[in-house]
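Chemist: Pasting model23.txt below, which is compact mmCIF, C-alpha atoms.
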# COMPACT_ATOMS: atom_id res chain seq x y z
CA MET H 157 114.28 127.67 105.85
CA ARG H 158 112.87 127.85 109.38
CA GLN H 159 110.81 130.72 110.77
CA LYS H 160 108.76 131.51 113.89
CA LEU H 161 104.97 131.72 113.56
CA ARG H 162 104.71 135.44 112.93
CA TYR H 163 104.41 137.79 109.99
CA PRO H 164 106.07 139.69 108.45
CA TRP H 165 109.18 137.54 108.50
CA LEU H 166 112.10 139.58 109.75
CA ASP H 167 114.50 138.29 107.10
CA LEU H 168 112.27 136.92 104.33
CA ASP H 169 110.15 138.84 101.84
CA VAL H 170 108.52 136.09 99.79
CA ASP H 171 107.22 138.54 97.19
CA ASP H 172 110.70 139.95 96.64
CA ARG H 173 112.02 136.61 95.45
CA ALA H 174 111.68 135.39 91.90
CA ALA H 175 111.63 131.69 92.90
CA PRO H 176 108.47 129.92 91.66
CA VAL H 177 108.12 128.05 94.99
CA ILE H 178 109.45 128.94 98.44
CA ALA H 179 108.94 126.41 101.26
CA VAL H 180 109.41 127.47 104.88
CA ARG H 181 109.40 125.30 108.01
CA VAL H 182 107.46 127.14 110.74
CA ASP H 183 107.88 126.80 114.50
CA ALA H 184 104.57 127.12 116.37
CA ASP H 185 106.68 127.89 119.47
CA GLY H 186 103.99 126.71 121.89
CA THR H 187 101.76 129.69 121.19
CA LYS H 188 98.08 129.92 120.31
CA GLU H 189 98.30 133.57 119.31
CA GLU H 190 96.88 134.52 115.92
CA VAL H 191 99.26 135.90 113.29
CA PRO H 192 97.86 139.33 112.30
CA GLU H 193 96.01 139.65 109.00
CA HIS H 194 98.30 140.15 106.02
CA SER H 195 98.56 139.28 102.33
CA HIS H 196 101.19 138.70 99.64
CA ARG H 197 101.38 138.45 95.88
CA LYS H 198 102.25 134.76 95.89
CA GLY H 199 99.61 132.16 96.66
CA GLN H 200 100.21 130.23 99.87
CA LEU H 201 99.78 126.67 101.07
CA VAL H 202 99.58 126.29 104.83
CA VAL H 203 100.63 122.67 105.39
CA SER H 204 100.14 120.85 108.70
CA LEU H 205 102.08 117.65 109.41
CA GLY H 206 101.05 117.59 113.07
CA GLY H 207 98.66 119.45 115.32
CA GLY H 208 96.31 121.81 113.54
CA VAL H 209 95.95 125.35 112.26
CA THR H 210 93.01 127.56 111.35
CA CYS H 211 93.22 130.19 108.62
CA ARG H 212 90.85 133.13 108.63
CA VAL H 213 90.00 135.03 105.42
CA PRO H 214 87.28 137.68 104.92
CA SER H 215 84.74 135.10 103.73
CA GLY H 216 85.39 132.26 106.11
CA LEU H 217 87.39 130.16 108.54
CA TRP H 218 89.35 127.21 107.18
CA MET H 219 90.59 124.24 109.20
CA VAL H 220 93.90 122.53 108.43
CA PRO H 221 94.10 119.22 110.33
CA PRO H 222 97.25 117.04 110.25
CA HIS H 223 98.33 115.95 106.75
CA CYS H 224 96.20 118.60 105.07
CA ALA H 225 96.81 122.07 103.68
CA VAL H 226 94.76 125.15 102.96
CA TRP H 227 95.30 127.03 99.71
CA ILE H 228 95.17 130.83 100.09
CA PRO H 229 95.03 132.57 96.70
CA SER H 230 97.24 135.48 95.71
CA ARG H 231 96.65 138.79 97.54
CA MET H 232 93.89 137.42 99.78
CA PRO H 233 94.04 138.91 103.31
CA HIS H 234 94.41 136.13 105.89
CA SER H 235 95.58 135.27 109.38
CA ASN H 236 96.70 131.96 110.94
CA ARG H 237 96.37 130.37 114.36
CA ALA H 238 98.19 127.13 115.23
CA THR H 239 97.82 124.65 118.07
CA ALA H 240 100.82 124.50 120.40
CA ASN H 241 101.98 121.14 119.02
CA ALA H 242 101.67 122.09 115.34
CA ARG H 243 104.28 121.09 112.77
CA LEU H 244 103.79 123.57 109.94
CA PHE H 245 105.18 124.46 106.56
CA PHE H 246 104.27 127.54 104.54
CA VAL H 247 104.69 127.05 100.79
CA TYR H 248 104.55 130.22 98.68
CA VAL H 249 103.73 129.65 95.00
CA GLU H 250 103.56 131.94 91.99
CA ALA H 251 99.83 131.40 91.48
CA GLU H 252 99.90 131.33 87.68
CA LEU H 253 102.15 128.26 87.82
CA VAL H 254 99.67 125.95 89.58
CA ASP H 255 96.14 124.88 88.65
CA LEU H 256 94.40 125.65 91.95
CA PRO H 257 91.16 127.60 92.52
CA GLU H 258 90.93 131.37 92.94
CA ARG H 259 89.28 130.68 96.30
CA CYS H 260 90.39 129.07 99.53
CA CYS H 261 90.12 125.31 99.91
CA THR H 262 91.39 122.67 102.34
CA ILE H 263 93.06 119.74 100.59
CA SER H 264 94.53 116.43 101.72
CA ILE H 265 98.28 116.09 101.23
CA SER H 266 99.66 112.77 100.00
CA PRO H 267 102.83 111.22 101.47
CA LEU H 268 104.66 112.19 98.26
CA LEU H 269 103.66 115.84 98.60
CA ARG H 270 104.55 115.86 102.29
CA GLU H 271 108.06 114.68 101.48
CA LEU H 272 108.41 117.21 98.65
CA VAL H 273 107.45 120.07 100.98
CA VAL H 274 109.93 118.91 103.63
CA GLU H 275 112.70 118.55 101.04
CA LEU H 276 112.05 121.96 99.50
CA SER H 277 112.07 123.65 102.91
CA ASP H 278 115.66 122.45 103.26
CA GLY H 279 116.63 123.88 99.88
CA ALA H 280 120.22 124.69 100.84
CA GLN H 281 121.03 121.01 100.36
CA HIS H 282 119.82 120.93 96.74
CA ASP H 283 121.47 121.97 93.52
CA GLU H 284 119.34 124.04 91.16
CA ALA H 285 118.52 121.16 88.80
CA ARG H 286 117.26 118.94 91.63
CA ARG H 287 115.22 121.79 93.09
CA GLU H 288 113.56 122.42 89.72
CA ARG H 289 112.63 118.74 89.44
CA LEU H 290 111.10 118.72 92.93
CA ILE H 291 109.13 121.88 92.18
CA GLY H 292 107.86 120.42 88.91
CA VAL H 293 106.51 117.32 90.68
CA LEU H 294 104.91 119.42 93.44
CA LEU H 295 103.14 121.72 90.98
CA GLY H 296 101.89 118.72 89.01
CA GLU H 297 100.60 116.82 92.06
CA LEU H 298 98.83 119.64 93.92
CA PRO H 299 95.76 119.88 91.63
CA ARG H 300 95.18 116.12 92.05
CA MET H 301 94.69 116.27 95.82
CA PRO H 302 91.15 115.73 97.25
CA VAL H 303 89.31 118.66 98.83
CA GLN H 304 88.10 118.41 102.47
CA GLN H 305 84.89 120.16 103.57
CA LEU H 306 86.36 122.01 106.56
CA HIS H 307 85.14 125.53 105.98
CA LEU H 308 82.99 127.85 108.06
CA PRO H 309 81.43 130.64 105.94
CA LEU H 310 81.75 134.03 107.61
CA SER H 311 79.88 137.22 106.86
CA ARG H 312 80.69 140.90 107.12
CA GLU H 313 77.09 141.56 108.17
CA PRO H 314 77.44 143.18 111.64
CA ARG H 315 74.83 141.07 113.44
CA LEU H 316 76.21 137.80 112.11
CA LYS H 317 79.74 138.93 112.97
CA ARG H 318 78.59 139.41 116.59
CA ILE H 319 77.09 135.91 116.70
CA ALA H 320 80.13 134.33 115.05
CA ALA H 321 82.50 136.07 117.49
CA ALA H 322 80.44 134.95 120.47
CA LEU H 323 80.31 131.33 119.28
CA ALA H 324 84.02 131.32 118.48
CA ASP H 325 84.73 132.51 122.04
CA ASN H 326 82.31 130.00 123.55
CA PRO H 327 81.44 127.12 121.18
CA ALA H 328 79.41 125.50 123.97
CA ASP H 329 76.86 128.35 123.84
CA ARG H 330 73.56 126.58 123.18
CA ARG H 331 71.28 129.56 122.71
CA THR H 332 68.47 128.79 120.27
CA LEU H 333 67.87 130.63 117.03
CA ALA H 334 65.07 132.55 118.76
CA GLN H 335 67.40 133.57 121.60
CA TRP H 336 70.09 134.72 119.19
CA ALA H 337 67.48 136.66 117.22
CA ASP H 338 66.45 138.47 120.38
CA HIS H 339 70.13 139.14 121.14
CA VAL H 340 70.63 140.95 117.81
CA ALA H 341 67.19 142.58 117.72
CA LEU H 342 65.70 140.54 114.88
CA SER H 343 62.74 138.23 114.57
CA GLU H 344 63.54 134.51 114.47
CA SER H 345 62.45 134.23 110.83
CA SER H 346 64.49 137.30 109.82
CA LEU H 347 67.64 135.88 111.41
CA ALA H 348 67.07 132.50 109.76
CA ARG H 349 66.77 134.18 106.34
CA LEU H 350 69.85 136.34 107.01
CA VAL H 351 72.02 133.35 107.97
CA ALA H 352 70.88 131.42 104.89
CA LYS H 353 71.48 134.40 102.59
CA GLU H 354 74.94 135.21 103.97
CA THR H 355 76.33 131.68 104.52
CA GLY H 356 74.26 129.33 102.37
CA LEU H 357 73.52 127.23 105.48
CA THR H 358 70.78 126.97 108.07
CA PHE H 359 71.69 128.34 111.49
CA GLY H 360 71.92 124.83 112.94
CA ARG H 361 74.18 123.60 110.15
CA TRP H 362 76.34 126.73 110.41
CA ARG H 363 76.88 126.24 114.15
CA GLN H 364 77.54 122.54 113.60
CA GLN H 365 80.25 123.42 111.08
CA LEU H 366 81.91 125.62 113.69
CA HIS H 367 81.76 122.72 116.14
CA LEU H 368 83.41 120.42 113.61
CA ILE H 369 86.26 122.86 113.01
CA VAL H 370 86.83 123.40 116.73
CA ALA H 371 86.61 119.65 117.39
CA ILE H 372 89.15 118.72 114.72
CA ARG H 373 91.52 121.47 115.87
CA GLU H 374 91.37 120.34 119.51
CA LEU H 375 91.55 116.63 118.72
CA ALA H 376 94.58 117.30 116.53
CA ALA H 377 96.14 119.15 119.48
CA GLY H 378 95.79 116.02 121.62
CA ALA H 379 92.50 116.59 123.46
CA SER H 380 90.33 113.53 124.17
CA VAL H 381 86.93 112.97 122.58
CA GLN H 382 85.40 113.23 126.06
CA GLN H 383 87.05 116.61 126.68
CA VAL H 384 86.05 118.03 123.29
CA SER H 385 82.48 116.79 123.68
CA ALA H 386 82.19 118.56 127.04
CA ASP H 387 83.85 121.75 125.77
CA LEU H 388 81.31 121.95 122.92
CA GLY H 389 78.38 121.52 125.28
CA TYR H 390 77.16 118.08 124.15
CA GLU H 391 75.05 116.18 126.66
CA SER H 392 77.02 112.99 126.04
CA VAL H 393 80.06 111.70 124.19
CA ALA H 394 77.72 109.50 122.13
CA ALA H 395 75.77 112.55 120.93
CA PHE H 396 78.99 114.28 119.87
CA ILE H 397 80.28 111.20 118.01
CA THR H 398 76.91 110.80 116.26
CA MET H 399 77.03 114.44 115.07
CA PHE H 400 80.62 114.03 113.88
CA ARG H 401 79.89 110.76 112.02
CA LYS H 402 76.79 112.15 110.29
CA ALA H 403 78.68 115.24 109.13
CA LEU H 404 81.98 113.67 108.03
CA GLY H 405 81.11 110.01 107.49
CA LYS H 406 83.40 108.63 110.22
CA PRO H 407 83.82 108.91 114.00
CA PRO H 408 86.56 111.32 115.14
CA ALA H 409 89.48 108.91 115.56
CA LYS H 410 88.82 107.12 112.27
CA TYR H 411 88.35 110.42 110.41
CA LEU H 412 91.70 111.81 111.57
CA ALA H 413 93.41 108.51 110.79
CA THR H 414 91.90 108.46 107.28
CA VAL H 415 93.03 112.03 106.59
CA ALA H 416 96.54 111.17 107.78
CA GLN H 417 96.69 108.20 105.38
CA ALA H 418 95.40 110.13 102.32
CA THR H 419 97.27 109.37 99.15
Could I get this structure in the form of structure tokens?
Modeler:
Amino acid sequence: MRQKLRYPWLDLDVDDRAAPVIAVRVDADGTKEEVPEHSHRKGQLVVSLGGGVTCRVPSGLWMVPPHCAVWIPSRMPHSNRATANARLFFVYVEAELVDLPERCCTISISPLLRELVVELSDGAQHDEARRERLIGVLLGELPRMPVQQLHLPLSREPRLKRIAAALADNPADRRTLAQWADHVALSESSLARLVAKETGLTFGRWRQQLHLIVAIRELAAGASVQQVSADLGYESVAAFITMFRKALGKPPAKYLATVAQAT
């Protein structure tokens, strides 16, 4: 099946179908608009074979670079935003049939799983016995896939929501913790404690995680390292690459290549 990047689907109610797995090929259609928040009974894999997509849930923002997927558990409200060059598949799964967490996670997708998703999205070509075999392999392989640390914790706390929204709109904003504290009428120490309590990270590490997610999304969309470095407000390309390598273990190009080759 093929659908445009919007929800609800005009001709597909995934929760009204008894099928254990429904795979849908999604056209990004050159848009960067965010699909409005919604939920469904089935769990969902958002699979990216090219470009990138971010998934927002109440507790965080999840990045799906090429050859990865994010798992969204049953009934969790979420929204999706894709880069203009994204090649996406949505895979809806009866959650009790697969051994995946009851929380969101970004996972690498092996070449085998990529081919299974593509095949299942073209289900009209399969007889029922073949489809059941493909589904059985997919459900068995999914729990074996490695988890990627591409998650930005978000908070419902009003002052942190204001800061997160401002940084999402302008990731290059380099205001210090003290300046942000003044902006939301807190002391510097109070804001530091609030960020740690709500996100489990220091303010610097939290902002860095946002930078990583934005960087991977834009690099996956075809932007150069130089362009991304400038857009995030780094003084030099070398400083950006150093930050990226320290956080993810590899420079940007090698990291994306490694993810794409995951098995």
Chemist: Report, in Å to a single decimal, how far apart atom CA of Ala348 of chain H and atom CA of Glu391 of chain H are.
Modeler: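 Going from atom CA of Glu391 of chain H over to atom CA of Ala348 of chain H covers 24.8 Å.
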Chemist: Of the candidates H:Ile228, H:Val381, H:Leu316, H:Leu268, which one gets nearest to Gln200 of chain H if we count all atoms listed in the file?
Modeler: H:Ile228
Chemist: From the set H:Arg349, H:Lys317, H:Lys410, H:Arg237, which residue has the shortest atom-to-atom contact distance to Arg373 of chain H, counting only C-alpha atoms?
Modeler: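 Distance minimum relative to Arg373 of chain H lands on H:Arg237.
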Chemist: As an exercise, work out the distance from atom CA of Arg330 of chain H to atom CA of Gln383 of chain H in Å and give it to one decimal place.
Modeler: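 That distance, rounded to one decimal, is 17.1 Å.
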Chemist: Figure out the distance between atom CA of Asp387 of chain H and atom CA of Ala337 of chain H, please, to one decimal in Å.
Modeler: 23.7 Å
Chemist: Got a sec to check which residues sit within 12 Å of (87.4, 113.5, 126.2), counting all atoms listed in the file, and write them as a CSV table (one decimal) with C-alpha atoms, in the frame of the given file?
Modeler:
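As written to disk, selection_27.csv reads:
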chain,number,residue,atom,x,y,z
H,371,ALA,CA,86.6,119.6,117.4
H,374,GLU,CA,91.4,120.3,119.5
H,375,LEU,CA,91.6,116.6,118.7
H,378,GLY,CA,95.8,116.0,121.6
H,379,ALA,CA,92.5,116.6,123.5
H,380,SER,CA,90.3,113.5,124.2
H,381,VAL,CA,86.9,113.0,122.6
H,382,GLN,CA,85.4,113.2,126.1
H,383,GLN,CA,87.0,116.6,126.7
H,384,VAL,CA,86.0,118.0,123.3
H,385,SER,CA,82.5,116.8,123.7
H,386,ALA,CA,82.2,118.6,127.0
H,387,ASP,CA,83.8,121.8,125.8
H,388,LEU,CA,81.3,122.0,122.9
H,390,TYR,CA,77.2,118.1,124.2
H,392,SER,CA,77.0,113.0,126.0
H,393,VAL,CA,80.1,111.7,124.2
H,394,ALA,CA,77.7,109.5,122.1
H,396,PHE,CA,79.0,114.3,119.9
H,397,ILE,CA,80.3,111.2,118.0
H,408,PRO,CA,86.6,111.3,115.1
H,409,ALA,CA,89.5,108.9,115.6
Chemist: Looking at H:Val226, H:Leu308, H:Met232, H:Ala238, which one is nearest to Val191 of chain H, with distances taken over only C-alpha atoms?
Modeler: H:Ala238
Chemist: Which residue, H:Val180, H:Ala403, H:Leu306, H:Ala376, has the smallest gap to Asp278 of chain H when you use all atoms listed in the file?
Modeler: H:Val180
Chemist: Find, counting only C-alpha atoms, the residue in H:Asn326, H:Ser311, H:Gln304, H:Thr262 that gets nearest to Pro214 of chain H.
Modeler: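 Result for the nearest residue to Pro214 of chain H: H:Ser311.
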Chemist: Could you check the closest approach to Val247 of chain H for each of H:Asp172, H:Glu354, H:Glu275, H:Glu344 and tell me which residue wins, using only C-alpha atoms?
Modeler: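 Among the listed residues, H:Glu275 lies closest to Val247 of chain H.
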Chemist: Might you pull out every residue within 9 Å of Val209 of chain H, with all atoms listed in the file counted and same-chain residues fewer than 6 positions away left off, and present them as a list in words?
Modeler: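 My list of contacting residues is Val202, Val203, Trp218, Met219, Val220, Pro221, Pro222, Asn236, Arg237, Ala238, Thr239, Ala242, Leu244 and Arg373 of chain H.
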Chemist: Give me the box for segment 328-341 of chain H as lines of an AutoDock Vina configuration file, namely the centre and edge lengths in Å to one decimal of a box along x, y and z that holds every listed atom plus 5 Å on each side.
Modeler:
center_x = 72.2
center_y = 134.0
center_z = 120.5
size_x = 24.3
size_y = 27.1
size_z = 16.9
Chemist: Which residues are close to Gln365 of chain H, i.e. within 12 Å by only C-alpha atoms, leaving aside same-chain residues fewer than 2 positions away? Reply as a ChimeraX atom specification.
Modeler: /H:216-219,305-310,320,323-324,327,355,357-363,367-372,388,399-400,402-404
Chemist: Keeping only C-alpha atoms, write the selected residues as a tab-separated table (two decimals), in the frame of the given file.
Modeler:
chain	number	residue	atom	x	y	z
H	216	GLY	CA	85.39	132.26	106.11
H	217	LEU	CA	87.39	130.16	108.54
H	218	TRP	CA	89.35	127.21	107.18
H	219	MET	CA	90.59	124.24	109.20
H	305	GLN	CA	84.89	120.16	103.57
H	306	LEU	CA	86.36	122.01	106.56
H	307	HIS	CA	85.14	125.53	105.98
H	308	LEU	CA	82.99	127.85	108.06
H	309	PRO	CA	81.43	130.64	105.94
H	310	LEU	CA	81.75	134.03	107.61
H	320	ALA	CA	80.13	134.33	115.05
H	323	LEU	CA	80.31	131.33	119.28
H	324	ALA	CA	84.02	131.32	118.48
H	327	PRO	CA	81.44	127.12	121.18
H	355	THR	CA	76.33	131.68	104.52
H	357	LEU	CA	73.52	127.23	105.48
H	358	THR	CA	70.78	126.97	108.07
H	359	PHE	CA	71.69	128.34	111.49
H	360	GLY	CA	71.92	124.83	112.94
H	361	ARG	CA	74.18	123.60	110.15
H	362	TRP	CA	76.34	126.73	110.41
H	363	ARG	CA	76.88	126.24	114.15
H	367	HIS	CA	81.76	122.72	116.14
H	368	LEU	CA	83.41	120.42	113.61
H	369	ILE	CA	86.26	122.86	113.01
H	370	VAL	CA	86.83	123.40	116.73
H	371	ALA	CA	86.61	119.65	117.39
H	372	ILE	CA	89.15	118.72	114.72
H	388	LEU	CA	81.31	121.95	122.92
H	399	MET	CA	77.03	114.44	115.07
H	400	PHE	CA	80.62	114.03	113.88
H	402	LYS	CA	76.79	112.15	110.29
H	403	ALA	CA	78.68	115.24	109.13
H	404	LEU	CA	81.98	113.67	108.03
Chemist: Residues at most 7 Å from Tyr248 of chain H, counting all atoms listed in the file, excluding those fewer than 2 positions away in the same chain, as JSON, numbers by chain?
Modeler: {"H": [177, 178, 179, 198, 199, 200, 201, 246, 250]}
Chemist: Residues near Ala334 of chain H, anyone? I mean within 10 Å using all atoms listed in the file, not counting same-chain ones fewer than 2 positions away, as a list in words.
Modeler: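 The filter keeps Arg331, Thr332, Trp336, Ala337, Asp338, His339, Leu342, Ser343, Glu344, Ser345, Leu347 and Ala348 of chain H.
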Chemist: Extract segment 304-315 of chain H from the structure I just pasted (atoms: all heavy atoms) and return it as a JSON list (two decimals), in the first residue's frame.
Modeler:
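Saved file decode_20.json follows:
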[["chain", "number", "residue", "atom", "x", "y", "z"],
["H", 304, "GLN", "N", 19.53, 2.61, 19.03],
["H", 304, "GLN", "CA", 20.33, 3.81, 18.83],
["H", 304, "GLN", "C", 19.92, 4.88, 19.84],
["H", 304, "GLN", "O", 18.73, 5.04, 20.12],
["H", 304, "GLN", "CB", 20.15, 4.36, 17.40],
["H", 304, "GLN", "CG", 20.53, 3.38, 16.31],
["H", 304, "GLN", "CD", 22.02, 3.14, 16.25],
["H", 304, "GLN", "OE1", 22.82, 4.04, 16.50],
["H", 304, "GLN", "NE2", 22.42, 1.92, 15.93],
["H", 305, "GLN", "N", 20.89, 5.62, 20.36],
["H", 305, "GLN", "CA", 20.60, 6.65, 21.38],
["H", 305, "GLN", "C", 20.30, 7.99, 20.70],
["H", 305, "GLN", "O", 21.13, 8.89, 20.68],
["H", 305, "GLN", "CB", 21.78, 6.76, 22.35],
["H", 305, "GLN", "CG", 22.07, 5.48, 23.09],
["H", 305, "GLN", "CD", 20.88, 4.97, 23.89],
["H", 305, "GLN", "OE1", 20.17, 5.74, 24.53],
["H", 305, "GLN", "NE2", 20.63, 3.67, 23.84],
["H", 306, "LEU", "N", 19.13, 8.09, 20.10],
["H", 306, "LEU", "CA", 18.75, 9.29, 19.35],
["H", 306, "LEU", "C", 17.44, 9.83, 19.89],
["H", 306, "LEU", "O", 16.44, 9.94, 19.19],
["H", 306, "LEU", "CB", 18.63, 8.95, 17.86],
["H", 306, "LEU", "CG", 19.95, 8.50, 17.20],
["H", 306, "LEU", "CD1", 19.70, 8.04, 15.78],
["H", 306, "LEU", "CD2", 20.97, 9.63, 17.23],
["H", 307, "HIS", "N", 17.47, 10.21, 21.15],
["H", 307, "HIS", "CA", 16.25, 10.59, 21.86],
["H", 307, "HIS", "C", 16.51, 11.88, 22.63],
["H", 307, "HIS", "O", 17.52, 12.01, 23.32],
["H", 307, "HIS", "CB", 15.87, 9.46, 22.82],
["H", 307, "HIS", "CG", 14.84, 9.84, 23.84],
["H", 307, "HIS", "ND1", 14.97, 9.50, 25.17],
["H", 307, "HIS", "CD2", 13.69, 10.54, 23.74],
["H", 307, "HIS", "CE1", 13.92, 9.96, 25.84],
["H", 307, "HIS", "NE2", 13.13, 10.60, 24.99],
["H", 308, "LEU", "N", 15.60, 12.83, 22.49],
["H", 308, "LEU", "CA", 15.65, 14.05, 23.28],
["H", 308, "LEU", "C", 14.51, 14.03, 24.29],
["H", 308, "LEU", "O", 13.34, 14.12, 23.89],
["H", 308, "LEU", "CB", 15.51, 15.29, 22.39],
["H", 308, "LEU", "CG", 15.49, 16.63, 23.13],
["H", 308, "LEU", "CD1", 16.87, 16.94, 23.70],
["H", 308, "LEU", "CD2", 14.99, 17.75, 22.22],
["H", 309, "PRO", "N", 14.80, 13.89, 25.59],
["H", 309, "PRO", "CA", 13.71, 13.91, 26.58],
["H", 309, "PRO", "C", 13.02, 15.28, 26.58],
["H", 309, "PRO", "O", 13.67, 16.32, 26.57],
["H", 309, "PRO", "CB", 14.43, 13.66, 27.91],
["H", 309, "PRO", "CG", 15.78, 13.14, 27.55],
["H", 309, "PRO", "CD", 16.12, 13.71, 26.23],
["H", 310, "LEU", "N", 11.70, 15.25, 26.59],
["H", 310, "LEU", "CA", 10.91, 16.47, 26.68],
["H", 310, "LEU", "C", 10.10, 16.46, 27.96],
["H", 310, "LEU", "O", 9.82, 15.40, 28.52],
["H", 310, "LEU", "CB", 9.98, 16.61, 25.46],
["H", 310, "LEU", "CG", 10.66, 16.77, 24.11],
["H", 310, "LEU", "CD1", 9.62, 16.84, 23.00],
["H", 310, "LEU", "CD2", 11.55, 18.01, 24.07],
["H", 311, "SER", "N", 9.71, 17.63, 28.40],
["H", 311, "SER", "CA", 8.98, 17.76, 29.65],
["H", 311, "SER", "C", 7.72, 18.57, 29.43],
["H", 311, "SER", "O", 7.66, 19.46, 28.58],
["H", 311, "SER", "CB", 9.87, 18.47, 30.70],
["H", 311, "SER", "OG", 9.11, 18.85, 31.83],
["H", 312, "ARG", "N", 6.70, 18.26, 30.23],
["H", 312, "ARG", "CA", 5.47, 19.05, 30.20],
["H", 312, "ARG", "C", 5.58, 20.30, 31.08],
["H", 312, "ARG", "O", 4.66, 21.12, 31.10],
["H", 312, "ARG", "CB", 4.29, 18.19, 30.65],
["H", 312, "ARG", "CG", 3.97, 17.02, 29.72],
["H", 312, "ARG", "CD", 2.76, 16.25, 30.22],
["H", 312, "ARG", "NE", 2.47, 15.07, 29.42],
["H", 312, "ARG", "CZ", 1.70, 15.10, 28.33],
["H", 312, "ARG", "NH1", 1.18, 16.23, 27.93],
["H", 312, "ARG", "NH2", 1.46, 13.99, 27.66],
["H", 313, "GLU", "N", 6.67, 20.43, 31.82],
["H", 313, "GLU", "CA", 6.85, 21.58, 32.70],
["H", 313, "GLU", "C", 6.87, 22.85, 31.84],
["H", 313, "GLU", "O", 7.66, 22.94, 30.89],
["H", 313, "GLU", "CB", 8.15, 21.42, 33.47],
["H", 313, "GLU", "CG", 8.21, 22.18, 34.78],
["H", 313, "GLU", "CD", 8.41, 23.67, 34.59],
["H", 313, "GLU", "OE1", 9.08, 24.06, 33.60],
["H", 313, "GLU", "OE2", 7.91, 24.45, 35.42],
["H", 314, "PRO", "N", 6.01, 23.83, 32.12],
["H", 314, "PRO", "CA", 5.83, 24.97, 31.21],
["H", 314, "PRO", "C", 7.10, 25.73, 30.85],
["H", 314, "PRO", "O", 7.31, 26.12, 29.71],
["H", 314, "PRO", "CB", 4.83, 25.87, 31.95],
["H", 314, "PRO", "CG", 4.09, 24.94, 32.86],
["H", 314, "PRO", "CD", 5.09, 23.90, 33.26],
["H", 315, "ARG", "N", 7.99, 25.94, 31.83],
["H", 315, "ARG", "CA", 9.20, 26.71, 31.55],
["H", 315, "ARG", "C", 10.16, 25.93, 30.66],
["H", 315, "ARG", "O", 10.76, 26.50, 29.73],
["H", 315, "ARG", "CB", 9.87, 27.12, 32.86],
["H", 315, "ARG", "CG", 9.07, 28.17, 33.62],
["H", 315, "ARG", "CD", 9.44, 28.25, 35.08],
["H", 315, "ARG", "NE", 9.08, 27.03, 35.80],
["H", 315, "ARG", "CZ", 9.10, 26.91, 37.12],
["H", 315, "ARG", "NH1", 9.46, 27.95, 37.88],
["H", 315, "ARG", "NH2", 8.76, 25.77, 37.70]]
